[in-house]
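As stored in model.txt (compact mmCIF, C-alpha atoms):
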# COMPACT_ATOMS: atom_id res chain seq x y z
CA MET D 1 86.47 130.02 83.13
CA GLY D 2 90.03 129.10 84.07
CA GLU D 3 89.02 128.38 87.65
CA ARG D 4 86.35 125.88 86.56
CA LYS D 5 88.84 124.14 84.30
CA ASP D 6 91.38 123.98 87.15
CA ALA D 7 88.72 122.60 89.51
CA ARG D 8 87.71 119.99 86.92
CA ASN D 9 91.36 119.01 86.42
CA GLU D 10 91.85 118.67 90.17
CA GLU D 11 88.67 116.60 90.46
CA PHE D 12 89.87 114.27 87.70
CA GLN D 13 93.34 114.00 89.25
CA SER D 14 91.85 113.14 92.64
CA PHE D 15 89.60 110.53 91.03
CA MET D 16 92.48 109.02 89.06
CA ILE D 17 94.83 108.80 92.05
CA GLY D 18 92.14 107.22 94.22
CA ARG D 19 91.11 104.62 91.65
CA TRP D 20 94.49 103.81 90.04
CA PRO D 21 95.30 100.67 92.12
CA ARG D 22 91.89 99.10 91.57
CA LEU D 23 91.85 99.96 87.86
CA MET D 24 95.34 98.49 87.50
CA ARG D 25 94.31 95.28 89.24
CA THR D 26 91.28 94.88 86.98
CA ALA D 27 93.31 95.68 83.87
CA PHE D 28 96.01 93.20 84.91
CA LEU D 29 93.46 90.45 85.40
CA LEU D 30 91.94 91.23 82.00
CA THR D 31 95.18 91.52 80.03
CA GLY D 32 97.61 89.36 81.99
CA GLU D 33 100.59 91.64 81.50
CA GLN D 34 101.75 94.52 83.64
CA HIS D 35 102.66 96.65 80.62
CA ALA D 36 99.43 95.89 78.79
CA ALA D 37 97.47 96.69 81.96
CA GLU D 38 99.23 100.04 82.31
CA ASP D 39 98.53 100.84 78.66
CA LEU D 40 94.88 99.89 79.07
CA VAL D 41 94.40 102.03 82.17
CA GLN D 42 96.26 104.98 80.67
CA SER D 43 94.32 104.90 77.40
CA THR D 44 91.09 104.57 79.39
CA LEU D 45 91.95 107.56 81.54
CA GLU D 46 92.87 109.58 78.44
CA GLN D 47 89.39 108.96 77.05
CA VAL D 48 87.79 109.70 80.39
CA PHE D 49 89.73 112.94 80.84
CA ALA D 50 88.51 114.20 77.46
CA ALA D 51 84.93 113.62 78.62
CA TRP D 52 85.43 114.35 82.32
CA ARG D 53 82.63 116.93 82.50
CA LYS D 54 80.16 114.19 81.50
CA VAL D 55 81.90 111.40 83.45
CA GLY D 56 82.38 113.41 86.64
CA SER D 57 78.69 114.29 86.77
CA ALA D 58 77.56 110.67 86.20
CA ASP D 59 75.80 108.83 89.03
CA ASP D 60 78.71 106.40 89.33
CA PRO D 61 81.89 107.70 87.64
CA GLU D 62 83.83 104.57 88.59
CA ALA D 63 81.31 102.35 86.80
CA TYR D 64 81.53 104.62 83.77
CA VAL D 65 85.34 104.35 83.72
CA ARG D 66 85.17 100.58 84.20
CA ARG D 67 82.84 100.35 81.19
CA VAL D 68 85.24 102.42 79.08
CA MET D 69 88.08 100.10 80.12
CA ILE D 70 86.12 96.91 79.34
CA ASN D 71 85.19 98.33 75.92
CA ALA D 72 88.80 99.29 75.19
CA HIS D 73 89.95 95.80 76.19
CA ALA D 74 87.29 94.20 74.01
CA ARG D 75 88.37 96.33 71.02
CA ARG D 76 91.97 95.21 71.49
CA HIS D 77 90.89 91.58 71.71
CA ARG D 78 88.83 91.89 68.53
CA ARG D 79 91.95 93.11 66.77
CA LYS D 80 93.49 89.77 67.67
CA LEU D 81 96.23 91.16 69.88
CA LYS D 82 97.75 88.30 71.79
CA GLU D 83 97.35 88.29 75.56
CA PHE D 84 99.47 86.42 78.06
CA LEU D 85 98.58 86.02 81.71
CA ALA D 86 101.78 84.14 82.52
CA PRO D 87 104.72 85.46 80.49
CA LYS D 88 107.59 83.02 80.13
CA ASP D 89 110.17 85.52 81.29
CA ASP D 90 108.60 87.97 83.67
CA SER D 91 111.67 88.52 85.84
CA GLY D 92 111.95 92.18 84.84
CA LEU D 93 108.30 93.02 85.51
CA VAL D 94 107.16 94.84 88.59
CA ARG D 95 104.79 92.59 90.49
CA GLU D 96 101.30 93.73 91.25
CA VAL D 97 100.91 94.32 94.96
CA PRO D 98 97.47 93.01 95.95
CA ASP D 99 95.20 94.92 98.29
CA THR D 100 95.11 93.65 101.84
CA GLY D 101 92.18 91.28 102.20
CA ASP D 102 92.33 90.46 98.49
CA ARG D 103 91.31 86.81 97.98
CA ILE D 104 93.89 86.44 95.22
CA ALA D 105 96.65 87.44 97.64
CA GLN D 106 95.56 84.58 99.89
CA ALA D 107 96.10 81.95 97.20
CA ASP D 108 99.12 79.72 97.77
CA ASP D 109 100.04 79.66 94.11
CA ARG D 110 99.15 82.92 92.42
CA SER D 111 100.76 81.93 89.13
CA ALA D 112 98.55 78.82 88.89
CA LEU D 113 95.50 81.00 89.40
CA LEU D 114 96.57 83.44 86.69
CA GLU D 115 97.36 80.62 84.27
CA ALA D 116 93.93 79.14 84.88
CA LEU D 117 92.32 82.53 84.34
CA ALA D 118 94.22 82.84 81.05
CA GLN D 119 92.53 79.66 79.83
CA LEU D 120 89.08 81.24 80.02
CA PRO D 121 87.54 82.85 76.93
CA PRO D 122 87.60 86.68 77.17
CA ARG D 123 83.92 87.18 78.07
CA GLN D 124 84.07 84.50 80.77
CA ARG D 125 87.27 86.05 82.11
CA GLU D 126 85.63 89.50 82.18
CA ALA D 127 82.58 88.14 84.01
CA VAL D 128 84.68 86.26 86.58
CA VAL D 129 87.00 89.23 87.18
CA LEU D 130 84.16 91.73 87.57
CA ARG D 131 81.91 89.50 89.69
CA TYR D 132 84.44 87.83 91.95
CA TRP D 133 87.54 90.02 92.06
CA GLU D 134 85.86 93.38 91.72
CA ASP D 135 82.86 92.15 93.73
CA LEU D 136 80.35 93.83 91.43
CA THR D 137 76.72 92.85 91.34
CA GLU D 138 75.41 91.13 88.23
CA THR D 139 73.75 94.38 87.20
CA GLN D 140 76.95 96.40 87.63
CA ALA D 141 78.99 93.80 85.74
CA ALA D 142 76.36 93.75 82.97
CA ARG D 143 76.63 97.53 82.61
CA ALA D 144 80.43 97.29 82.50
CA MET D 145 80.37 94.51 79.90
CA GLY D 146 77.53 96.00 77.86
CA CYS D 147 75.30 92.95 78.11
CA SER D 148 72.41 91.59 80.15
CA ALA D 149 72.65 90.32 83.72
CA GLY D 150 71.73 86.88 82.41
CA THR D 151 74.74 86.91 80.10
CA VAL D 152 76.96 87.84 83.05
CA LYS D 153 75.47 85.00 85.12
CA SER D 154 76.00 82.53 82.31
CA ASN D 155 79.58 83.60 81.54
CA ALA D 156 80.54 83.74 85.22
CA ALA D 157 79.03 80.30 85.90
CA LYS D 158 80.80 78.75 82.91
CA GLY D 159 84.08 80.43 83.87
CA ILE D 160 83.88 79.31 87.49
CA ALA D 161 82.98 75.77 86.38
CA LYS D 162 86.08 75.68 84.15
CA LEU D 163 88.24 76.99 86.99
CA ARG D 164 86.82 74.41 89.40
CA ALA D 165 87.63 71.65 86.92
CA ILE D 166 91.35 72.42 87.26
CA PRO D 167 92.59 70.06 90.02
CA GLY D 168 95.30 72.35 91.42
CA LEU D 169 92.88 75.24 91.92
CA ALA D 170 90.32 73.11 93.69
CA ASP D 171 93.05 71.92 96.07
CA MET D 172 94.17 75.50 96.77
CA ALA D 173 90.62 76.57 97.63
CA THR D 174 90.05 73.70 100.04
CA GLN D 175 93.50 73.92 101.68
CA GLY D 176 93.40 77.71 102.05
CA GLY D 177 90.19 77.66 104.02
CA ARG D 178 87.59 80.41 104.01
CA ASN D 179 87.21 83.24 106.44
Output the file's structure as structure tokens, nothing else.
Amino acid sequence: MGERKDARNEEFQSFMIGRWPRLMRTAFLLTGEQHAAEDLVQSTLEQVFAAWRKVGSADDPEAYVRRVMINAHARRHRRKLKEFLAPKDDSGLVREVPDTGDRIAQADDRSALLEALAQLPPRQREAVVLRYWEDLTETQAARAMGCSAGTVKSNAAKGIAKLRAIPGLADMATQGGRN
């Protein structure tokens, strides 16, 4: 019995270590604050650990964890906790280090992008983050958000349209070029 528990703990630890950077990036884009992102990921992983036997045997454990995180974020938002994507004094915060090849890292003005993202309503922000930063399919994003693929399409389209309407972002996209 103890060996199975140890193996399950090691499996969870391996999963957590391998997914931590990506979960942190998603949480940061959803919450806008490093500390809030860390809290979100940690509380998500606490829930997941408690149910690891079920989660670890799921077809796609990462999708399951992402769904738990989206739900936890939505619950916090419903409680009217204030979110900030661009804190006024963020000098003491540790900066997120983007993955190599990350489109966000290629932006000339990352803070402008985060401020623009902060202007989106939460569901549009979730759809944009999951579809374009996490590169999920509409079906995967719908599962993570707990809605239909059509709702994801609609929210992502509205979010992208709002982002495109911001002059500085449109200039960054055209000046940066596409690979």
Atom-to-atom span, CA of Ala118 in chain D and CA of Glu138 in chain D, Å: 21.8 Å
Within 7 Å of Val55 in chain D using all atoms listed in the file, minus same-chain residues under 6 positions, as a PyMOL selection string: chain D and resi 48+61+64
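Each of D:Lys158, D:Arg75, D:Lys5, D:Arg19 was compared to Ala63 in chain D using all atoms listed in the file, and D:Arg19 turns out to be the nearest.
Considering the residues D:Lys54, D:Arg143, D:Arg131, D:Arg4 and counting all atoms listed in the file, Met69 in chain D has its shortest atom-to-atom contact with D:Arg143.
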Length of the CA of Ser43 in chain D to CA of Gln119 in chain D vector [Å]: 25.4 Å
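Within 9 Å of Gly56 in chain D, once only C-alpha atoms are used and residues closer than 6 positions along the same chain are dropped, the contacting residues are Arg8, Glu11, Phe12 and Phe15 of chain D.
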Ala149 in chain D environment, 12 Å, only C-alpha atoms, sequence neighbours closer than 2 positions dropped, as number ranges by chain: D: 127, 131, 136-147, 151-156
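Here CA of Pro167 in chain D stands at a distance of 10.7 Å from CA of Ala112 in chain D.
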Nearest-residue call for Arg123 in chain D, choices D:Arg66, D:Arg53, D:Arg22, D:His73, using only C-alpha atoms: D:His73
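Taking only C-alpha atoms into account, Glu115 in chain D lies nearest to D:Leu29 out of the set D:Trp52, D:Leu45, D:Leu29, D:Ile160.
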Shortest interatomic distance to Val128 in chain D - which of D:Arg76, D:Lys162, D:His35, D:Arg67, counting only C-alpha atoms: D:Lys162
Place a sphere of radius 10 Å on (95.3, 97.0, 85.0) in the file coordinates and name every protein, DNA or RNA residue with an atom inside or on its surface, counting all atoms listed in the file; give the answer as a tab-separated table (two decimals) with C-alpha atoms, keeping the file's coordinate frame.
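Contents of the output file selection-v2.tsv:
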chain	number	residue	atom	x	y	z
D	20	TRP	CA	94.49	103.81	90.04
D	21	PRO	CA	95.30	100.67	92.12
D	22	ARG	CA	91.89	99.10	91.57
D	23	LEU	CA	91.85	99.96	87.86
D	24	MET	CA	95.34	98.49	87.50
D	25	ARG	CA	94.31	95.28	89.24
D	26	THR	CA	91.28	94.88	86.98
D	27	ALA	CA	93.31	95.68	83.87
D	28	PHE	CA	96.01	93.20	84.91
D	29	LEU	CA	93.46	90.45	85.40
D	30	LEU	CA	91.94	91.23	82.00
D	31	THR	CA	95.18	91.52	80.03
D	32	GLY	CA	97.61	89.36	81.99
D	33	GLU	CA	100.59	91.64	81.50
D	34	GLN	CA	101.75	94.52	83.64
D	35	HIS	CA	102.66	96.65	80.62
D	36	ALA	CA	99.43	95.89	78.79
D	37	ALA	CA	97.47	96.69	81.96
D	38	GLU	CA	99.23	100.04	82.31
D	39	ASP	CA	98.53	100.84	78.66
D	40	LEU	CA	94.88	99.89	79.07
D	41	VAL	CA	94.40	102.03	82.17
D	42	GLN	CA	96.26	104.98	80.67
D	69	MET	CA	88.08	100.10	80.12
D	96	GLU	CA	101.30	93.73	91.25
